[in-house]
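A.B. asks: One structure coming up, written as structure tokens, with questions to follow.
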Amino acid sequence: MSHLDVDIIDFLLLTIYPVVALFIIEMIGRAAKISSWIKLVVQGIVMLGFGIAYITLITPHWLTSIVMFALAFVLFYQARRIKIQPTKLKY
């Protein structure tokens, strides 16, 4: 990635950080026995934060931030679905 200011190792780390954040939130949610919809909302907020950070704070990673925004949307949708009908919980 010589055309960007980001080295390949940095790029890999930028893609691993959101995965680690999702994993940590999941483990905290399970340990504290937090409701699934609350856990999903928190994960969605964190993905929005990553998406905004990847556009503003770091050399612009537009595609990565679009993926973060899409994931946040899906997490919010899933949280809404579980909040409305908890019997349809599949995980």
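Quick note on naming: the chains in the structure tokens go A, B, ... in the order shown, residues restart at 1 in each chain, and ligands are numbered from 1 in order of appearance.
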Can you tell me which residues surround A:Ile28 at a distance of at most 12 Å, considering only C-alpha atoms, apart from same-chain residues fewer than 5 positions away, and format the answer as a list in words?
C.D. replies: Ala21, Leu22, Phe23, Lys33, Ile34, Ser35, Ser36, Ile38, Lys39, Val42 and Gln43 of chain A
A.B. asks: With N, CA and C atoms retained, export the selected residues as an mmCIF file, in the first residue's frame.
C.D. replies:
```cif
data_model
loop_
_atom_site.group_PDB
_atom_site.id
_atom_site.type_symbol
_atom_site.label_atom_id
_atom_site.label_comp_id
_atom_site.auth_asym_id
_atom_site.auth_seq_id
_atom_site.Cartn_x
_atom_site.Cartn_y
_atom_site.Cartn_z
ATOM 1 N N ALA A 21 -12.954 -5.511 19.483
ATOM 2 C CA ALA A 21 -13.960 -4.759 20.240
ATOM 3 C C ALA A 21 -15.278 -5.530 20.322
ATOM 4 N N LEU A 22 -15.717 -6.104 19.212
ATOM 5 C CA LEU A 22 -16.948 -6.905 19.226
ATOM 6 C C LEU A 22 -16.815 -8.107 20.158
ATOM 7 N N PHE A 23 -15.667 -8.753 20.123
ATOM 8 C CA PHE A 23 -15.428 -9.927 20.970
ATOM 9 C C PHE A 23 -15.450 -9.535 22.444
ATOM 10 N N LYS A 33 -24.347 -11.145 31.996
ATOM 11 C CA LYS A 33 -25.707 -11.582 31.640
ATOM 12 C C LYS A 33 -26.592 -10.395 31.246
ATOM 13 N N ILE A 34 -26.034 -9.557 30.374
ATOM 14 C CA ILE A 34 -26.750 -8.401 29.858
ATOM 15 C C ILE A 34 -27.702 -8.872 28.762
ATOM 16 N N SER A 35 -28.815 -8.194 28.648
ATOM 17 C CA SER A 35 -29.798 -8.529 27.625
ATOM 18 C C SER A 35 -29.169 -8.410 26.225
ATOM 19 N N SER A 36 -29.597 -9.264 25.321
ATOM 20 C CA SER A 36 -29.012 -9.306 23.981
ATOM 21 C C SER A 36 -29.195 -8.009 23.221
ATOM 22 N N ILE A 38 -29.416 -4.959 24.369
ATOM 23 C CA ILE A 38 -28.513 -3.926 24.885
ATOM 24 C C ILE A 38 -27.099 -4.162 24.374
ATOM 25 N N LYS A 39 -26.683 -5.419 24.385
ATOM 26 C CA LYS A 39 -25.352 -5.763 23.896
ATOM 27 C C LYS A 39 -25.210 -5.409 22.416
ATOM 28 N N VAL A 42 -24.877 -1.591 21.994
ATOM 29 C CA VAL A 42 -23.521 -1.145 22.345
ATOM 30 C C VAL A 42 -22.545 -1.493 21.229
ATOM 31 N N GLN A 43 -22.657 -2.694 20.674
ATOM 32 C CA GLN A 43 -21.784 -3.074 19.567
ATOM 33 C C GLN A 43 -22.011 -2.173 18.357
#
```
A.B. asks: Within 10 Å of A:Leu14, counting only C-alpha atoms, which residues show up once you throw out same-chain ones fewer than 5 positions away? Write them as a PyMOL selection string, please.
C.D. replies: chain A and resi 6+8-9+19+50+54+58+61+64
A.B. asks: Any chance you can output those residues with all heavy atoms as a PDB file, in the first residue's frame?
C.D. replies:
```
ATOM      1  N   VAL A   6      -0.357   4.375   5.195  1.00  0.00           N
ATOM      2  CA  VAL A   6      -0.551   3.277   6.128  1.00  0.00           C
ATOM      3  C   VAL A   6       0.200   2.055   5.629  1.00  0.00           C
ATOM      4  O   VAL A   6       0.050   1.637   4.483  1.00  0.00           O
ATOM      5  CB  VAL A   6      -2.059   2.952   6.268  1.00  0.00           C
ATOM      6  CG1 VAL A   6      -2.276   1.800   7.212  1.00  0.00           C
ATOM      7  CG2 VAL A   6      -2.814   4.174   6.739  1.00  0.00           C
ATOM      8  N   ILE A   8       1.201  -2.044   5.637  1.00  0.00           N
ATOM      9  CA  ILE A   8       0.331  -3.228   5.585  1.00  0.00           C
ATOM     10  C   ILE A   8       0.024  -3.760   6.978  1.00  0.00           C
ATOM     11  O   ILE A   8      -1.094  -4.193   7.254  1.00  0.00           O
ATOM     12  CB  ILE A   8       0.930  -4.331   4.671  1.00  0.00           C
ATOM     13  CG1 ILE A   8      -0.074  -5.470   4.456  1.00  0.00           C
ATOM     14  CG2 ILE A   8       2.207  -4.882   5.255  1.00  0.00           C
ATOM     15  CD1 ILE A   8      -1.209  -5.115   3.593  1.00  0.00           C
ATOM     16  N   ILE A   9       0.991  -3.703   7.884  1.00  0.00           N
ATOM     17  CA  ILE A   9       0.748  -4.155   9.259  1.00  0.00           C
ATOM     18  C   ILE A   9      -0.279  -3.241   9.929  1.00  0.00           C
ATOM     19  O   ILE A   9      -1.190  -3.710  10.619  1.00  0.00           O
ATOM     20  CB  ILE A   9       2.065  -4.174  10.063  1.00  0.00           C
ATOM     21  CG1 ILE A   9       3.072  -5.133   9.440  1.00  0.00           C
ATOM     22  CG2 ILE A   9       1.801  -4.525  11.521  1.00  0.00           C
ATOM     23  CD1 ILE A   9       2.616  -6.577   9.380  1.00  0.00           C
ATOM     24  N   VAL A  19     -12.927  -6.161  15.326  1.00  0.00           N
ATOM     25  CA  VAL A  19     -13.250  -7.548  15.674  1.00  0.00           C
ATOM     26  C   VAL A  19     -12.969  -7.794  17.156  1.00  0.00           C
ATOM     27  O   VAL A  19     -13.763  -8.422  17.857  1.00  0.00           O
ATOM     28  CB  VAL A  19     -12.441  -8.533  14.790  1.00  0.00           C
ATOM     29  CG1 VAL A  19     -12.652  -9.957  15.228  1.00  0.00           C
ATOM     30  CG2 VAL A  19     -12.824  -8.349  13.337  1.00  0.00           C
ATOM     31  N   PHE A  50     -16.003   3.440  15.243  1.00  0.00           N
ATOM     32  CA  PHE A  50     -14.900   3.018  14.382  1.00  0.00           C
ATOM     33  C   PHE A  50     -15.056   3.603  12.983  1.00  0.00           C
ATOM     34  O   PHE A  50     -14.092   4.043  12.373  1.00  0.00           O
ATOM     35  CB  PHE A  50     -14.804   1.492  14.295  1.00  0.00           C
ATOM     36  CG  PHE A  50     -13.982   0.876  15.387  1.00  0.00           C
ATOM     37  CD1 PHE A  50     -14.569   0.102  16.363  1.00  0.00           C
ATOM     38  CD2 PHE A  50     -12.617   1.056  15.429  1.00  0.00           C
ATOM     39  CE1 PHE A  50     -13.824  -0.473  17.367  1.00  0.00           C
ATOM     40  CE2 PHE A  50     -11.854   0.488  16.428  1.00  0.00           C
ATOM     41  CZ  PHE A  50     -12.449  -0.279  17.406  1.00  0.00           C
ATOM     42  N   TYR A  54     -12.368   6.069  11.325  1.00  0.00           N
ATOM     43  CA  TYR A  54     -11.628   5.695  10.122  1.00  0.00           C
ATOM     44  C   TYR A  54     -11.753   6.752   9.033  1.00  0.00           C
ATOM     45  O   TYR A  54     -10.942   6.807   8.131  1.00  0.00           O
ATOM     46  CB  TYR A  54     -12.106   4.350   9.595  1.00  0.00           C
ATOM     47  CG  TYR A  54     -11.606   3.173  10.413  1.00  0.00           C
ATOM     48  CD1 TYR A  54     -12.002   1.887  10.124  1.00  0.00           C
ATOM     49  CD2 TYR A  54     -10.746   3.348  11.473  1.00  0.00           C
ATOM     50  CE1 TYR A  54     -11.555   0.811  10.858  1.00  0.00           C
ATOM     51  CE2 TYR A  54     -10.303   2.280  12.214  1.00  0.00           C
ATOM     52  CZ  TYR A  54     -10.704   1.019  11.908  1.00  0.00           C
ATOM     53  OH  TYR A  54     -10.254  -0.043  12.636  1.00  0.00           O
ATOM     54  N   ILE A  58      -7.891   8.973  11.029  1.00  0.00           N
ATOM     55  CA  ILE A  58      -6.823   8.239  10.369  1.00  0.00           C
ATOM     56  C   ILE A  58      -6.853   8.621   8.887  1.00  0.00           C
ATOM     57  O   ILE A  58      -7.824   9.202   8.420  1.00  0.00           O
ATOM     58  CB  ILE A  58      -7.034   6.722  10.558  1.00  0.00           C
ATOM     59  CG1 ILE A  58      -7.189   6.409  12.053  1.00  0.00           C
ATOM     60  CG2 ILE A  58      -5.897   5.916   9.986  1.00  0.00           C
ATOM     61  CD1 ILE A  58      -7.673   5.034  12.340  1.00  0.00           C
ATOM     62  N   HIS A  61     -10.041   5.842   5.256  1.00  0.00           N
ATOM     63  CA  HIS A  61     -10.321   4.469   4.838  1.00  0.00           C
ATOM     64  C   HIS A  61     -11.809   4.396   4.539  1.00  0.00           C
ATOM     65  O   HIS A  61     -12.598   3.927   5.354  1.00  0.00           O
ATOM     66  CB  HIS A  61      -9.957   3.484   5.956  1.00  0.00           C
ATOM     67  CG  HIS A  61      -8.507   3.329   6.165  1.00  0.00           C
ATOM     68  ND1 HIS A  61      -7.756   2.435   5.467  1.00  0.00           N
ATOM     69  CD2 HIS A  61      -7.654   3.981   6.984  1.00  0.00           C
ATOM     70  CE1 HIS A  61      -6.503   2.516   5.861  1.00  0.00           C
ATOM     71  NE2 HIS A  61      -6.415   3.459   6.782  1.00  0.00           N
ATOM     72  N   THR A  64     -13.456   0.778   4.410  1.00  0.00           N
ATOM     73  CA  THR A  64     -13.529   0.178   5.740  1.00  0.00           C
ATOM     74  C   THR A  64     -14.603   0.863   6.569  1.00  0.00           C
ATOM     75  O   THR A  64     -15.352   0.202   7.294  1.00  0.00           O
ATOM     76  CB  THR A  64     -12.166   0.273   6.449  1.00  0.00           C
ATOM     77  OG1 THR A  64     -11.159  -0.249   5.599  1.00  0.00           O
ATOM     78  CG2 THR A  64     -12.169  -0.508   7.739  1.00  0.00           C
TER      79      THR A  64
END
```
A.B. asks: Taking only C-alpha atoms into account, which of A:Leu12, A:Ile66, A:Ile24, A:Leu40 comes nearest A:Ala53?
C.D. replies: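 Ranked by minimum distance to A:Ala53, first place goes to A:Ile66.
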A.B. asks: Restricting the calculation to only C-alpha atoms, which member of A:Met68, A:Tyr17, A:Lys88, A:Leu63 is positioned closest to A:Gly51?
C.D. replies: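 Between A:Met68, A:Tyr17, A:Lys88, A:Leu63, the residue approaching A:Gly51 most closely is A:Met68.
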A.B. asks: Just to confirm, what's the straight-line distance from atom CA of A:Met47 to atom CA of A:Phe11 in Å (one decimal)?
C.D. replies: 16.9 Å
A.B. asks: May I have the residues within 9 Å of A:Arg80 as a list of chain:residue names, using only C-alpha atoms and disregarding those fewer than 5 positions away in the same chain?
C.D. replies: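 Result of the neighbour search: A:Trp37, A:Val41, A:Leu75, A:Gln85.
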A.B. asks: With N, CA, C and O atoms retained, write the just-selected residues as an mmCIF file, in the first residue's frame.
C.D. replies:
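Saved to result36.cif:
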```cif
data_model
loop_
_atom_site.group_PDB
_atom_site.id
_atom_site.type_symbol
_atom_site.label_atom_id
_atom_site.label_comp_id
_atom_site.auth_asym_id
_atom_site.auth_seq_id
_atom_site.Cartn_x
_atom_site.Cartn_y
_atom_site.Cartn_z
ATOM 1 N N TRP A 37 -30.352 -7.382 23.355
ATOM 2 C CA TRP A 37 -30.583 -6.163 22.576
ATOM 3 C C TRP A 37 -29.693 -5.021 23.061
ATOM 4 O O TRP A 37 -29.232 -4.215 22.263
ATOM 5 N N VAL A 41 -26.895 -3.093 20.757
ATOM 6 C CA VAL A 41 -26.883 -1.633 20.614
ATOM 7 C C VAL A 41 -25.494 -1.085 20.933
ATOM 8 O O VAL A 41 -24.972 -0.222 20.217
ATOM 9 N N LEU A 75 -26.502 -4.355 13.184
ATOM 10 C CA LEU A 75 -26.569 -4.588 14.627
ATOM 11 C C LEU A 75 -27.761 -3.858 15.245
ATOM 12 O O LEU A 75 -28.462 -4.419 16.095
ATOM 13 N N GLN A 85 -39.548 -8.707 19.448
ATOM 14 C CA GLN A 85 -39.980 -10.100 19.563
ATOM 15 C C GLN A 85 -38.849 -10.963 20.120
ATOM 16 O O GLN A 85 -38.088 -11.578 19.363
#
```
A.B. asks: Using DSSP on the backbone coordinates, identify all residues within stretch 29-78 of chain A classified as helix (DSSP H, G or I); present the result as a PyMOL selection string.
C.D. replies: chain A and resi 29-32+36-56+62-78
A.B. asks: Would you please work out which residue, of A:Leu13, A:Pro18, A:Arg30, A:Gly44, is nearest to A:Gln78 when using only C-alpha atoms?
C.D. replies: A:Gly44
